[in-house]
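Next comes my_file-v7.txt, with compact mmCIF, C-alpha atoms.
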```
# COMPACT_ATOMS: atom_id res chain seq x y z
CA MET E 1 -28.06 17.29 -7.89
CA SER E 2 -27.50 16.18 -4.33
CA ILE E 3 -28.67 14.04 -1.50
CA ASP E 4 -28.87 17.02 0.81
CA ALA E 5 -31.93 15.54 2.56
CA VAL E 6 -29.73 12.63 3.71
CA LEU E 7 -27.06 15.03 4.98
CA GLN E 8 -29.74 17.07 6.76
CA GLN E 9 -31.05 13.87 8.40
CA LEU E 10 -27.58 13.12 9.81
CA ILE E 11 -27.23 16.73 11.02
CA ALA E 12 -30.64 16.59 12.72
CA MET E 13 -29.72 13.31 14.42
CA MET E 14 -26.42 14.78 15.67
CA ARG E 15 -28.19 17.87 17.03
CA SER E 16 -30.89 15.78 18.68
CA ALA E 17 -28.18 13.72 20.42
CA GLY E 18 -26.51 16.87 21.77
CA VAL E 19 -23.78 17.61 19.20
CA SER E 20 -23.51 21.40 18.93
CA ILE E 21 -23.93 21.98 15.21
CA PRO E 22 -24.77 25.62 14.41
CA ASP E 23 -28.14 26.42 12.86
CA GLU E 24 -26.55 27.61 9.63
CA VAL E 25 -27.55 26.10 6.32
CA PHE E 26 -25.01 23.50 5.28
CA THR E 27 -24.59 21.95 1.88
CA GLY E 28 -22.22 19.41 0.47
CA THR E 29 -19.79 22.08 -0.63
CA ASN E 30 -19.42 23.51 2.88
CA PRO E 31 -18.16 20.99 5.42
CA ILE E 32 -19.49 21.10 8.94
CA LYS E 33 -16.70 21.35 11.51
CA VAL E 34 -17.58 21.04 15.20
CA LYS E 35 -14.95 21.56 17.91
CA ASN E 36 -14.41 18.98 20.67
CA PRO E 37 -17.43 16.70 20.13
CA ASP E 38 -18.18 13.75 22.38
CA PRO E 39 -16.91 10.80 20.30
CA THR E 40 -19.28 8.29 21.90
CA ILE E 41 -22.28 10.36 20.84
CA VAL E 42 -20.96 10.88 17.29
CA TYR E 43 -20.25 7.15 16.91
CA ALA E 44 -23.67 6.15 18.27
CA VAL E 45 -25.43 8.56 15.90
CA PHE E 46 -23.46 7.43 12.85
CA LYS E 47 -24.14 3.80 13.79
CA LYS E 48 -27.88 4.54 13.90
CA PHE E 49 -27.61 6.50 10.63
CA ALA E 50 -25.89 3.51 8.97
CA TYR E 51 -28.95 1.33 9.59
CA MET E 52 -31.38 3.85 8.08
CA THR E 53 -32.80 3.32 4.63
CA PHE E 54 -33.24 6.03 2.02
CA ASP E 55 -34.96 6.17 -1.35
CA CYS E 56 -35.60 8.45 -4.32
CA SER E 57 -37.57 10.88 -2.18
CA HIS E 58 -34.21 11.94 -0.68
CA PHE E 59 -32.76 12.92 -4.05
CA ASP E 60 -32.74 16.63 -4.77
CA SER E 61 -32.34 18.08 -8.24
CA ASP E 62 -32.21 21.75 -9.11
CA ASP E 63 -33.54 20.83 -12.52
CA ASP E 64 -36.90 19.15 -13.16
CA LYS E 65 -35.30 17.31 -16.08
CA PHE E 66 -33.71 14.82 -13.65
CA GLU E 67 -35.98 12.10 -12.29
CA CYS E 68 -34.67 9.62 -9.72
CA ILE E 69 -35.61 6.09 -10.80
CA GLU E 70 -33.48 3.93 -8.48
CA TRP E 71 -31.66 4.51 -5.18
CA GLU E 72 -29.08 2.08 -3.89
CA ASP E 73 -27.06 2.00 -0.67
CA ASP E 74 -23.62 1.03 -1.89
CA PHE E 75 -21.27 0.67 1.05
CA ILE E 76 -19.77 2.06 4.20
CA LEU E 77 -16.07 2.80 4.23
CA PHE E 78 -14.40 2.89 7.63
CA GLN E 79 -11.00 4.54 7.98
CA CYS E 80 -8.77 5.22 10.92
CA GLY E 81 -5.15 6.20 11.14
CA VAL E 82 -2.62 8.98 10.75
CA SER E 83 -3.26 11.51 8.01
CA ARG E 84 -0.78 14.06 6.76
CA PHE E 85 -3.63 16.22 5.46
CA SER E 86 -5.78 18.69 7.34
CA VAL E 87 -8.03 21.64 6.63
CA GLU E 88 -7.82 24.69 8.89
CA ASP E 89 -9.99 27.73 8.21
CA GLY E 90 -10.79 26.49 4.71
CA VAL E 91 -7.12 26.01 3.76
CA ALA E 92 -5.80 22.54 2.96
CA HIS E 93 -2.44 21.66 4.51
CA TYR E 94 -0.45 18.70 3.16
CA GLY E 95 2.61 17.13 4.74
CA ASN E 96 3.20 19.74 7.40
CA THR E 97 0.63 18.48 9.88
CA SER E 98 -0.45 15.16 11.30
CA THR E 99 -3.92 14.29 12.40
CA PHE E 100 -5.40 11.00 13.54
CA ARG E 101 -8.73 10.30 11.86
CA PHE E 102 -11.50 7.90 12.85
CA GLY E 103 -14.34 8.08 10.38
CA PHE E 104 -16.90 6.74 8.00
CA ARG E 105 -18.19 7.33 4.52
CA ARG E 106 -21.61 6.14 3.47
CA ALA E 107 -22.01 5.84 -0.29
CA PHE E 108 -25.19 5.97 -2.35
CA SER E 109 -25.76 5.36 -6.04
CA ILE E 110 -28.70 7.04 -7.68
CA THR E 111 -29.87 6.23 -11.17
CA PHE E 112 -31.81 9.07 -12.69
CA LYS E 113 -33.51 9.68 -15.96
CA HIS E 114 -32.25 12.65 -17.91
CA GLY E 115 -33.98 13.06 -21.23
CA ASP E 116 -33.97 9.76 -23.11
CA HIS E 117 -31.21 8.05 -21.13
CA ASP E 118 -30.42 6.91 -17.60
CA THR E 119 -27.39 8.21 -15.71
CA LEU E 120 -25.69 6.86 -12.60
CA TYR E 121 -24.76 9.39 -9.91
CA THR E 122 -22.74 8.45 -6.82
CA ASP E 123 -22.64 10.52 -3.65
CA LEU E 124 -20.90 10.16 -0.28
CA ILE E 125 -21.69 11.39 3.22
CA THR E 126 -18.49 11.60 5.29
CA CYS E 127 -18.40 11.76 9.08
CA THR E 128 -14.91 11.92 10.60
CA LEU E 129 -13.48 12.56 14.05
CA GLU E 130 -10.08 14.29 13.94
CA TYR E 131 -7.64 13.97 16.85
CA GLU E 132 -4.38 15.66 17.76
CA LEU E 133 -1.73 13.07 17.03
CA SER E 134 -0.25 11.41 20.11
CA ASP E 135 2.47 8.76 20.25
CA GLU E 136 -0.13 6.24 21.39
CA LEU E 137 -2.48 6.95 18.49
CA ALA E 138 0.42 7.05 16.02
CA ALA E 139 1.44 3.56 17.16
CA THR E 140 -1.96 2.03 16.36
CA LYS E 141 -2.49 0.14 13.14
CA SER E 142 -4.21 2.14 10.41
CA ARG E 143 -7.34 0.64 8.92
CA GLU E 144 -8.58 1.70 5.54
CA ASP E 145 -11.01 0.52 2.93
CA LEU E 146 -13.12 -1.73 5.12
CA PHE E 147 -16.14 -2.02 2.84
CA VAL E 148 -19.49 -3.58 3.57
CA PRO E 149 -21.04 -4.01 0.13
CA HIS E 150 -24.80 -3.84 0.00
CA TYR E 151 -24.84 -3.17 3.69
CA ASN E 152 -28.60 -2.79 3.72
CA LYS E 153 -28.46 -6.24 5.30
CA PRO E 154 -28.32 -5.58 9.06
CA SER E 155 -26.08 -8.61 9.67
CA GLY E 156 -23.33 -6.98 7.57
CA LEU E 157 -23.54 -3.80 9.63
CA ASP E 158 -23.61 -5.75 12.89
CA GLU E 159 -20.37 -7.44 11.83
CA LEU E 160 -18.76 -4.18 10.70
CA PHE E 161 -19.46 -2.36 13.97
CA ALA E 162 -18.42 -5.38 16.08
CA ASP E 163 -15.09 -5.45 14.18
CA ILE E 164 -14.58 -1.71 14.75
CA GLU E 165 -15.40 -1.96 18.45
CA ALA E 166 -12.87 -4.80 18.79
CA LEU E 167 -10.00 -2.69 17.42
CA ASP E 168 -7.26 -1.68 19.89
CA VAL E 169 -7.77 1.95 18.88
CA TYR E 170 -11.50 1.98 19.69
CA PRO E 171 -11.21 2.58 23.49
CA LEU E 172 -8.53 5.21 22.84
CA VAL E 173 -10.68 7.30 20.47
CA MET E 174 -13.90 6.78 22.41
CA ASN E 175 -12.69 7.16 25.99
CA LYS E 176 -9.09 8.30 26.38
CA TYR E 177 -8.71 11.09 23.83
CA ARG E 178 -11.11 13.88 22.92
CA PRO E 179 -11.34 14.72 19.22
CA LYS E 180 -10.34 18.17 18.05
CA TYR E 181 -13.09 18.19 15.45
CA LEU E 182 -16.04 16.41 13.96
CA VAL E 183 -16.13 16.97 10.20
CA ILE E 184 -19.24 16.14 8.15
CA PHE E 185 -19.65 16.73 4.44
CA GLU E 186 -21.21 15.48 1.23
CA SER E 187 -19.18 14.78 -1.88
CA ASP E 188 -19.63 13.05 -5.20
```
Rewritten as structure tokens:
Amino acid sequence: MSIDAVLQQLIAMMRSAGVSIPDEVFTGTNPIKVKNPDPTIVYAVFKKFAYMTFDCSHFDSDDDKFECIEWEDDFILFQCGVSRFSVEDGVAHYGNTSTFRFGFRRAFSITFKHGDHDTLYTDLITCTLEYELSDELAATKSREDLFVPHYNKPSGLDELFADIEALDVYPLVMNKYRPKYLVIFESD
């Protein structure tokens, strides 16, 4: 089960805006990693993606026994700050590296029928800009777990993005520093 169609929509939007994502087939298990993306383009695309609505037609099941009966946009999680975790060439490194991350997770809950009962399935699309750590970025205040529940109301998203754009770190990550990577992936 996956929401690969949602991930593919985000990838298509990034490509259309000029982000150089290879034409390979990507799935939730294989993160997309793009070197040196333009952060203003990535942010603008994710912002547009956040306002999009999705439904059961975007749910993909490898098994005909699963039938999507309800699709719900749960929340957006915004995170920025220093991380002691990184992935290089498919290998996770903990504690021996520092990266500054500025990113989003969009969560979906899908209720599907499987046999005689309903099951809830939650999936996330993550879009993160990773920066080399500088003293200036390290000195900024980390922000985590900024949720907008039931953000399908545009006013909630308007407020979220206004708050993000008012952060001291925003001009640094959009204009002063160039990210090392854009990382996009799907996870449940």
Closest atom pairs, stretch 99-131 of chain E residues within 10 Å of stretch 33-39 of chain E, only C-alpha atoms, as JSON lines:
```
{"residue": "E:Phe102", "atom": "CA", "partner": "E:Pro39", "partner_atom": "CA", "distance": 9.7}
{"residue": "E:Thr128", "atom": "CA", "partner": "E:Lys33", "partner_atom": "CA", "distance": 9.6}
{"residue": "E:Leu129", "atom": "CA", "partner": "E:Pro39", "partner_atom": "CA", "distance": 7.3}
{"residue": "E:Glu130", "atom": "CA", "partner": "E:Asn36", "partner_atom": "CA", "distance": 9.3}
{"residue": "E:Tyr131", "atom": "CA", "partner": "E:Asn36", "partner_atom": "CA", "distance": 9.2}
```
For atom CA of E:Ala107 and atom CA of E:Phe75, the interatomic separation in Å (one decimal):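 So the answer is 5.4 Å.
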Of the listed residues E:Leu157, E:Ala5, E:Val183, E:Ile125, that which approaches E:Lys48 most closely, counting all atoms listed in the file: E:Leu157
Distance in Å - atom CA of E:Lys176 versus atom CA of E:Ala12: 26.8 Å
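Among the candidates E:Val19, E:Ile184, E:Val6, E:Ala138, the residue lying nearest to E:Ile41 is E:Val19 (atoms considered: only C-alpha atoms).
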Contact residues around E:Val82 with all atoms listed in the file at 12 Å, ignoring same-chain residues under 5 positions, as a ChimeraX atom specification: /E:95,97-103,129-144,169
Separation of atom CA of E:Glu186 from atom CA of E:Tyr51, in Å and rounded to one decimal: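 These atoms are spaced 18.2 Å apart.
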